[in-house]
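Report on the following structure.
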Amino acid sequence: MSKKVTLRVWRGDKSGGDFHTYETTTEEGMVVLDVVHQVQAAQAPDLAVRWNCKAGKCGSCSAEINGVPRLMCMTRLSDLPEGEPISIEPILAFPVIKDLVTDVSWNFRVKERIKPFKPRKPDAPDGTWRMDQRDVDRVQEFRKCIECFLCQDVCHVLRDHAKHAEFIGPRFFVHAAALEMHPLDTEDRVGDLKDAYNIGYCNITKCCTNVCPEGITITDNAIIPLKERVVDRFYDPVKRLFRVFGG
Amino acid sequence: MAEYTTHEHDVLVIGAGGAGLRAAIEASASGMDVAVVCKSLLGKAHTVMAEGGVAAALAHVDDRDSWKVHFADTMRGGQYINSWRMAELHAKEAPERVRELEAWGAVFDRTKDGRILQRNFGGHRYPRLAHVGDRTGLEMIRTLQDHGIHKGMKVYMEHTTIRLLKDGERVVGAFGYDRERGRFHLWKAKAVVLATGGIGRAYKITSNSWEYTGDGQSLAYHAGAELMDMEFVQFHPTGMVWPPSVRGILVTEGVRGEGGVLRNSEGRRFMFDDIPENYRSSTATDPEEGWRYVCGDKEARRPPELLTRDHVARCIRREVKAGRGSPHGGVFLDIAWIKEKIPSSAEHIKKKLPSMYHQFKALADIDITSEAMEVGPTTHYVMGGVRVDPDSQMSPTVPGLFAAGEVAAGLHGANRLGGNSLSDLIVFGKRAGEYAAKFAKEHGGGSINDREVQDIARWALAPFERDDRNNPYAVQHELQDLMQDLVGIVRTEDEMLKALAAIGELHKRAHQVGVSSNREYNPGWHTALDLDNLLTVSQAVTLSAIERKESRGGHFRDDFPDKNPEYSKFNTVLHKGADGQMQLRREPVKPLRDDLAVIVEQNK
């Protein structure tokens, strides 16, 4: 049974823009990306939108749907209020390029600043390592990240305070956690977390965790343990005492 | 005069999936200045969609495995028209390439003794696929991306290549545009590696993303390279069939590797009804033996659900055609049944197949731990592609042009085994990068013909001058319907001749499509420019499929339903003739080297 749906799609570029209204028909099971594609194919061929896998695995089609940051490919129309127009906007924490496409290049530059993986010496003479499944479970959660940047989009430090120059955002705390908790890694990023990435700015409101399409418990499992490492090293009173007297 | 920005590098890699990134890492490691040009953002390439695992004879789970068995499995799966040298190199080098990923930070699932765990997959005799749940491709691309960005390569994200540039016979660069501003770019390079993936967007029902428009095959073909085995398109047996908007999205073979079974509407496990002769001795005779195999019993043989993809896809189609399909035109894939066998099966399924659980829950309201999925064939992969030298991955006809991964032909023959794609990417990505770097070191830069560049730019801008009522999306959709209906999973001469004529007509229409607005991030324009590539590869698939009057691997002819030994002696090879027309020839298959022939015989 096909029904009609009204879309209000933000269109414009960095100089400004507004919502354009489109009507299209829907089929059972459709997601927001489907109707955007339908509009693009028949009514607005130049409507800019990023997408790749259409299965929630690549993290390309992030947008704000009725004001909520989500993946367009995983948002079913049947989960949105029936009969009401659907508003679709680009994610707001990054500069718009055109329509639903934003300039997320800052994220790629941030990652280059984080010290890469540095494994310990191999465990076996054939150059391989041994790891327990229980130890890899922890980092595998972080490595599920599809880099959709929705967590960056909702982070107050970036969205409201625009601290992009000083702060790396939840995505890269997850990345840092995946490296720091990797059973083989020997690099030390704790000093950077405190001084270069300013993990202290995060006030653990868990907005990032709430929007993660992969269900990564960003705040509890990645950010808080990293904050603890920073506290342990730099603010632990006993250790500080040792440092004072130990020289 | 069109303006463009010129960039100079030693090695240019086009495509940033597993093969492209691996090639770029290798070329950078040998001191070359490397550029990677990719249509999407870094880390979004189709490799992220690979689920089940990467095949490598590590022998961690079954110590009877070795490169020899992997080689023999690959040749059997490819129906012996593979490039045996590529199959040999692949089987020998895959384990080292996988271990290397671990050294770069990849975190594979573990065996009890802490080594990389391996799982069963179709056509592989022993558990061979190193994996991370059902998101192995993401793990691979992220590992290569995070390693690669610290190796000094320059990445041009969201840039599309529209033509390769030559100086005489040799390739010396490429021309394209950036999606953001629509401005032209010219990359001068001493060697070019194509790693652009496949052609799935030529079909309506596909597991492939928008990027898979056959760019590399088409770029290479128009630059004078040969295309080989283009008739062999893999239709993966299990794509989602419902709801309509997700039709074609992949359901990993890992579901069957973990014990999932296929049933028709009568509840029958129909895969037991049709087991090909050459797999009979290695296939279970009853469900009980199949389950023991899944559980790791070394005496048991694999369940028929794990036969090769071409065969499983045709069996599913047969059930649907005979009226024994599921409500939405597929069959049932059931993993929930294992609750009869193991306690806390729901947790086990969620752990082993987390993205499948999530995908069905979110997109189809199906809980795979308690209900069966509906699945049917989906266009997944092209075995054919650019003909390359098996050792160096260089085109024999275009010096300096390399191809690796899905865009290249040879390794998989008539049908690819699951898991052999991810290993293909890293084995031959590395080789392509290594030999491209070597070529770049031995050759200076070539010269670029500015008049040719201006012609390409004019061609690229022409859609803006034309009537935008000729919609590029309409042409694309018509082509997808046409290929799906006439050159799909079951083919006949009549239908393919019809398709060939229709492709010719669409080619004319593609040159009339118009676009509106400006060059900035304009998907209508991008679609218009992709059409030529889609049409070129569609013509290549159809011509080759007409030539092969037999059924083999991924290529099934209703009018010639059997394998014909005469046709095991050649590969179909296409090139662009002097008159601009597509020319086809039969390239004899090289006889197996004696020691490899012995291995094949021993593993029959």
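Residue names in the structure tokens use chain letters A, B, ... in the order shown, residue numbers from 1 in each chain, and ligand numbers from 1 in the order shown.
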Show me, as a JSON list (two decimals) with N, CA and C atoms, in the first residue's frame, every residue of chain A with an atom at most 6 Å from chain B, counting only C-alpha atoms.
[["chain", "number", "residue", "atom", "x", "y", "z"],
["A", 29, "GLY", "N", 8.07, -0.51, 4.66],
["A", 29, "GLY", "CA", 9.46, -0.81, 5.04],
["A", 29, "GLY", "C", 10.47, 0.24, 4.64],
["A", 30, "MET", "N", 10.05, 1.30, 3.99],
["A", 30, "MET", "CA", 11.03, 2.29, 3.50],
["A", 30, "MET", "C", 11.74, 3.03, 4.63],
["A", 41, "ALA", "N", 15.87, 11.36, -7.67],
["A", 41, "ALA", "CA", 15.77, 10.79, -9.01],
["A", 41, "ALA", "C", 14.70, 11.49, -9.85],
["A", 45, "PRO", "N", 17.39, 16.39, -9.11],
["A", 45, "PRO", "CA", 18.60, 15.60, -9.41],
["A", 45, "PRO", "C", 19.87, 16.15, -8.78],
["A", 46, "ASP", "N", 19.87, 17.43, -8.44],
["A", 46, "ASP", "CA", 21.09, 18.01, -7.88],
["A", 46, "ASP", "C", 21.08, 18.03, -6.35],
["A", 48, "ALA", "N", 22.08, 17.19, -2.96],
["A", 48, "ALA", "CA", 23.33, 16.57, -2.51],
["A", 48, "ALA", "C", 23.10, 15.76, -1.23],
["A", 52, "ASN", "N", 26.49, 5.31, 1.10],
["A", 52, "ASN", "CA", 27.22, 4.23, 0.45],
["A", 52, "ASN", "C", 26.51, 2.89, 0.59],
["A", 53, "CYS", "N", 26.54, 2.34, 1.80],
["A", 53, "CYS", "CA", 26.16, 0.92, 1.92],
["A", 53, "CYS", "C", 24.66, 0.73, 2.07],
["A", 58, "CYS", "N", 28.50, 1.83, 6.89],
["A", 58, "CYS", "CA", 29.59, 2.70, 6.43],
["A", 58, "CYS", "C", 29.57, 4.06, 7.12],
["A", 130, "ARG", "N", 49.59, -13.78, 21.04],
["A", 130, "ARG", "CA", 48.49, -14.51, 21.66],
["A", 130, "ARG", "C", 47.65, -13.50, 22.43],
["A", 131, "MET", "N", 46.34, -13.56, 22.22],
["A", 131, "MET", "CA", 45.44, -12.68, 22.97],
["A", 131, "MET", "C", 44.23, -13.50, 23.39],
["A", 132, "ASP", "N", 43.71, -13.18, 24.55],
["A", 132, "ASP", "CA", 42.53, -13.86, 25.04],
["A", 132, "ASP", "C", 41.28, -13.17, 24.50],
["A", 133, "GLN", "N", 40.28, -13.98, 24.14],
["A", 133, "GLN", "CA", 39.05, -13.39, 23.61],
["A", 133, "GLN", "C", 38.46, -12.36, 24.58]]
* Distance query B:Thr285 at most 12 Å, only C-alpha atoms, self and fewer than 3 positions along chain excluded, as a ChimeraX atom specification -> /B:269,271-275,279-282,288-293,300-305
Per-residue nearest contacts of stretch 164-205 of chain A to stretch 228-243 of chain A (8 Å; only C-alpha atoms) as CSV:
residue,atom,partner,partner_atom,distance
A:Val190,CA,A:Val230,CA,5.9
A:Gly191,CA,A:Val230,CA,7.3
A:Leu193,CA,A:Val230,CA,7.3
A:Lys194,CA,A:Val230,CA,6.4
* Asked: Residues of stretch 140-215 of chain A in helix (DSSP H, G or I) according to DSSP, as a ChimeraX atom specification?
  -> /A:140-143,150-154,156-159,169-180,190-195,199-201,207-211
* Selection near stretch 137-145 of chain A, 7 Å with only C-alpha atoms, sequence-local residues under 4 positions removed, as a PyMOL selection string -> (chain A and resi 133+174-175+178+181-182+214+216) or (chain B and resi 107)
* Find the spatial neighbours of A:Arg11, counting only C-alpha atoms, within a cut-off of 7 Å - ignore same-chain residues fewer than 4 positions away - and output them as a ChimeraX atom specification. => /A:17-20,99
Write a file of the selected residues as a PDB file, in the first residue's frame, keeping N, CA and C atoms.
ATOM      1  N   GLY A  17      20.506  28.925   3.357  1.00  0.00           N
ATOM      2  CA  GLY A  17      19.571  28.031   2.692  1.00  0.00           C
ATOM      3  C   GLY A  17      18.268  27.959   3.459  1.00  0.00           C
ATOM      4  N   ASP A  18      17.343  27.139   2.981  1.00  0.00           N
ATOM      5  CA  ASP A  18      16.073  26.981   3.694  1.00  0.00           C
ATOM      6  C   ASP A  18      15.464  25.621   3.369  1.00  0.00           C
ATOM      7  N   PHE A  19      14.332  25.348   3.970  1.00  0.00           N
ATOM      8  CA  PHE A  19      13.677  24.059   3.756  1.00  0.00           C
ATOM      9  C   PHE A  19      12.861  24.085   2.470  1.00  0.00           C
ATOM     10  N   HIS A  20      13.036  23.025   1.669  1.00  0.00           N
ATOM     11  CA  HIS A  20      12.215  22.862   0.472  1.00  0.00           C
ATOM     12  C   HIS A  20      11.257  21.698   0.733  1.00  0.00           C
ATOM     13  N   ASP A  99      23.371  21.252   0.729  1.00  0.00           N
ATOM     14  CA  ASP A  99      22.194  20.476   1.119  1.00  0.00           C
ATOM     15  C   ASP A  99      22.489  19.623   2.363  1.00  0.00           C
TER      16      ASP A  99
END
* To do: Do a neighbour search on stretch 529-539 of chain B at 10 Å with only C-alpha atoms, toss out local chain neighbours closer than 3 positions, and write the hits as a PyMOL selection string.
  => chain B and resi 160+162+198-203+211-219+221-222+227+230-231+385+459-463+472-473+475-476+479-480+482-483+487+496+499-504+506-507+509-511+513+523-526+542-545+582
* For A:Gly56, please output as a ChimeraX atom specification all residues within 8 Å (counting only C-alpha atoms; exclusion window: fewer than 6 positions along the same chain). => /A:71,73-74,213 /B:359
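Taking only stretch 196-391 of chain B, the residues that DSSP calls strand (DSSP E) from the backbone come to Leu227, Met228, Val233, Gln234, Phe235, His236, Pro237, Thr238, Gly239, Met240, Val261, Leu262, Arg263, Val331, Phe332, Leu333, Asp334, Met373, Glu374, Val375, Gly376, Pro377, Thr378, Thr379, His380, Tyr381, Val382, Gly385 and Val386 of chain B.
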* Structure fact -> Separating atom CA of B:Glu452 from atom CA of B:Val407, to the nearest tenth of an Å, is a gap of 25.4 Å
* **Contacts of B:Lys352 within 12 Å, only C-alpha atoms, excl. fewer than 3 positions in-chain, as a ChimeraX atom specification** => /B:51-52,109,119,131-136,252,254-260,335,345-349,355-358,369
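Reported to one decimal place, the separation of atom CA of B:His90 from atom CA of B:Glu169 is 29.2 Å.
The space separating atom CA of B:Pro327 from atom CA of B:Val375 comes to 10.7 Å.
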